[in-house]
Amino acid sequence: MDKLSDLRKSYERDELDEHLAANEPLRQFRTWFQQALDAKVPEPNAMTLATVGPDGRPSTRIVLIKDIEEQGLVWYTNYDSRKGRELAEHPFAALQFHWVELERVVRIEGRVERVDAAQSDAYFASRPLDSRLGAWASPQSQVISGRAVLVANAAKAAAQHGLNPSRPPHWGGFRLVPERWEFWQGRKSRLHDRLVYRLDGGQWVRERLAP
């Protein structure tokens, strides 16, 4: 195994000029997200979600963005999971996209709210049947004795709900309403480009940060 301290990468793929970047962060994000799609980046919709527990300690996990709205970014999960419980107690979070192939990172911070029931219902109905049954079968974040529990729960859910399972009351969407965005583009010699957008009096202010 190579020494970790010797691992190096020179970032030279692109640049991020504040004079060419969008005035509003959502527009900049849509541009970069589309470029990630066009580049066929593996799972470009995968993002790290950071929450804070009642003890003040952070935790992270990967979730999938399912909608980009004017109000914010939406994902879906089990409300009784660890992240769901932490967001209920501390409704603020941070998201991060890391598109390795493009040498780009996007970080977003803001308050979190649940999407309304109708929106959760509509998305749940669009999911594959196995995924809908899985939402009923998995007591997410709870200790279970083995995988057989999930298999049995899935069979029970299929027998009970058939081909048209309704959305479980403990499952639905969250929306992060951004208050701060950061766009990071890797550059040569570790002189990376970092642009931050922050809200000031209801308006977005764009600033460059030193790397």
# chains A, B, ... in the order shown; residues from 1 in each chain; ligands from 1
call {"tool": "select_by_dssp", "arguments": {"residues": "segment 31-199 of chain A", "states": "alpha helix (DSSP H)", "output": "PyMOL selection string"}}
result
chain A and resi 31-38+82-89+117-126+129-137+147-161
call {"tool": "residues_around", "arguments": {"residues": "Arg61 of chain A", "least_positions_apart": "5", "cutoff": "12 Å", "atoms": "only C-alpha atoms", "output": "list in words"}}
result
Ala46, Met47, Thr48, Leu49, Ala50, Thr51, Val52, Thr77, Ser81, Arg82, Lys83, Gly84, Ala93, Ala94, Leu95, Gln96, Phe97 and Ser141 of chain A
call {"tool": "write_last_selection", "arguments": {"atoms": "N, CA, C and O atoms", "output": "JSON list (two decimals), in the first residue's frame"}}
result
[["chain", "number", "residue", "atom", "x", "y", "z"],
["A", 46, "ALA", "N", -26.26, 12.15, -6.03],
["A", 46, "ALA", "CA", -25.89, 11.70, -4.68],
["A", 46, "ALA", "C", -25.26, 12.86, -3.92],
["A", 46, "ALA", "O", -24.36, 13.54, -4.43],
["A", 47, "MET", "N", -25.71, 13.08, -2.70],
["A", 47, "MET", "CA", -25.18, 14.18, -1.90],
["A", 47, "MET", "C", -25.03, 13.73, -0.45],
["A", 47, "MET", "O", -25.78, 12.88, 0.05],
["A", 48, "THR", "N", -24.05, 14.29, 0.23],
["A", 48, "THR", "CA", -23.86, 14.04, 1.65],
["A", 48, "THR", "C", -24.77, 14.98, 2.43],
["A", 48, "THR", "O", -24.79, 16.19, 2.17],
["A", 49, "LEU", "N", -25.50, 14.43, 3.37],
["A", 49, "LEU", "CA", -26.38, 15.21, 4.25],
["A", 49, "LEU", "C", -25.81, 15.17, 5.66],
["A", 49, "LEU", "O", -25.61, 14.09, 6.23],
["A", 50, "ALA", "N", -25.53, 16.34, 6.23],
["A", 50, "ALA", "CA", -25.02, 16.43, 7.60],
["A", 50, "ALA", "C", -26.09, 17.01, 8.50],
["A", 50, "ALA", "O", -26.70, 18.05, 8.18],
["A", 51, "THR", "N", -26.33, 16.33, 9.62],
["A", 51, "THR", "CA", -27.29, 16.78, 10.62],
["A", 51, "THR", "C", -26.59, 16.79, 11.98],
["A", 51, "THR", "O", -25.47, 16.32, 12.13],
["A", 52, "VAL", "N", -27.29, 17.34, 12.97],
["A", 52, "VAL", "CA", -26.73, 17.42, 14.32],
["A", 52, "VAL", "C", -27.67, 16.74, 15.29],
["A", 52, "VAL", "O", -28.89, 16.97, 15.25],
["A", 77, "THR", "N", -37.11, 10.42, 2.70],
["A", 77, "THR", "CA", -36.56, 9.48, 3.65],
["A", 77, "THR", "C", -37.61, 9.04, 4.66],
["A", 77, "THR", "O", -38.75, 9.51, 4.62],
["A", 81, "SER", "N", -36.11, 7.77, 10.95],
["A", 81, "SER", "CA", -34.70, 7.42, 10.90],
["A", 81, "SER", "C", -33.89, 8.38, 11.76],
["A", 81, "SER", "O", -34.40, 9.38, 12.27],
["A", 82, "ARG", "N", -32.61, 8.08, 11.92],
["A", 82, "ARG", "CA", -31.77, 8.98, 12.73],
["A", 82, "ARG", "C", -31.77, 10.39, 12.15],
["A", 82, "ARG", "O", -31.95, 11.36, 12.87],
["A", 83, "LYS", "N", -31.60, 10.51, 10.84],
["A", 83, "LYS", "CA", -31.58, 11.85, 10.25],
["A", 83, "LYS", "C", -32.92, 12.54, 10.39],
["A", 83, "LYS", "O", -32.99, 13.76, 10.63],
["A", 84, "GLY", "N", -34.01, 11.77, 10.25],
["A", 84, "GLY", "CA", -35.34, 12.36, 10.40],
["A", 84, "GLY", "C", -35.57, 12.89, 11.80],
["A", 84, "GLY", "O", -36.11, 13.99, 11.99],
["A", 93, "ALA", "N", -29.34, 21.97, 8.33],
["A", 93, "ALA", "CA", -28.48, 20.91, 7.80],
["A", 93, "ALA", "C", -27.52, 21.49, 6.77],
["A", 93, "ALA", "O", -27.63, 22.66, 6.37],
["A", 94, "ALA", "N", -26.57, 20.64, 6.36],
["A", 94, "ALA", "CA", -25.64, 20.99, 5.30],
["A", 94, "ALA", "C", -25.64, 19.85, 4.28],
["A", 94, "ALA", "O", -25.75, 18.67, 4.65],
["A", 95, "LEU", "N", -25.54, 20.22, 3.01],
["A", 95, "LEU", "CA", -25.47, 19.25, 1.91],
["A", 95, "LEU", "C", -24.15, 19.44, 1.18],
["A", 95, "LEU", "O", -23.61, 20.55, 1.12],
["A", 96, "GLN", "N", -23.64, 18.36, 0.60],
["A", 96, "GLN", "CA", -22.44, 18.47, -0.22],
["A", 96, "GLN", "C", -22.51, 17.51, -1.40],
["A", 96, "GLN", "O", -22.79, 16.33, -1.24],
["A", 97, "PHE", "N", -22.27, 18.05, -2.58],
["A", 97, "PHE", "CA", -22.10, 17.26, -3.80],
["A", 97, "PHE", "C", -20.61, 17.23, -4.12],
["A", 97, "PHE", "O", -19.94, 18.26, -4.08],
["A", 141, "SER", "N", -32.88, 2.70, 10.74],
["A", 141, "SER", "CA", -31.99, 3.10, 11.84],
["A", 141, "SER", "C", -32.23, 2.32, 13.13],
["A", 141, "SER", "O", -31.54, 2.55, 14.13]]
call {"tool": "closest_residue", "arguments": {"among": "A:Ser138, A:Asp80, A:Glu113, A:Gly173", "to": "Val63 of chain A", "atoms": "only C-alpha atoms"}}
result
A:Gly173
call {"tool": "atom_distance", "arguments": {"atom1": "atom CA of Arg190 of chain A", "atom2": "atom CA of Lys9 of chain A"}}
result
9.5 Å
call {"tool": "residues_around", "arguments": {"residues": "Pro91 of chain A", "least_positions_apart": "4", "cutoff": "6 Å", "atoms": "only C-alpha atoms", "output": "PyMOL selection string"}}
result
chain A and resi 87+111-112
call {"tool": "residues_around", "arguments": {"residues": "Ala210 of chain A", "least_positions_apart": "4", "cutoff": "12 Å", "atoms": "only C-alpha atoms", "output": "ChimeraX atom specification"}}
result
/A:184,190-196
call {"tool": "closest_residue", "arguments": {"among": "A:Glu89, A:Glu43, A:Asp6, A:Glu18", "to": "Arg206 of chain A", "atoms": "only C-alpha atoms"}}
result
A:Glu18
call {"tool": "closest_residue", "arguments": {"among": "A:Glu101, A:Glu86, A:Glu69, A:Asp2", "to": "Leu37 of chain A", "atoms": "only C-alpha atoms"}}
result
A:Glu101
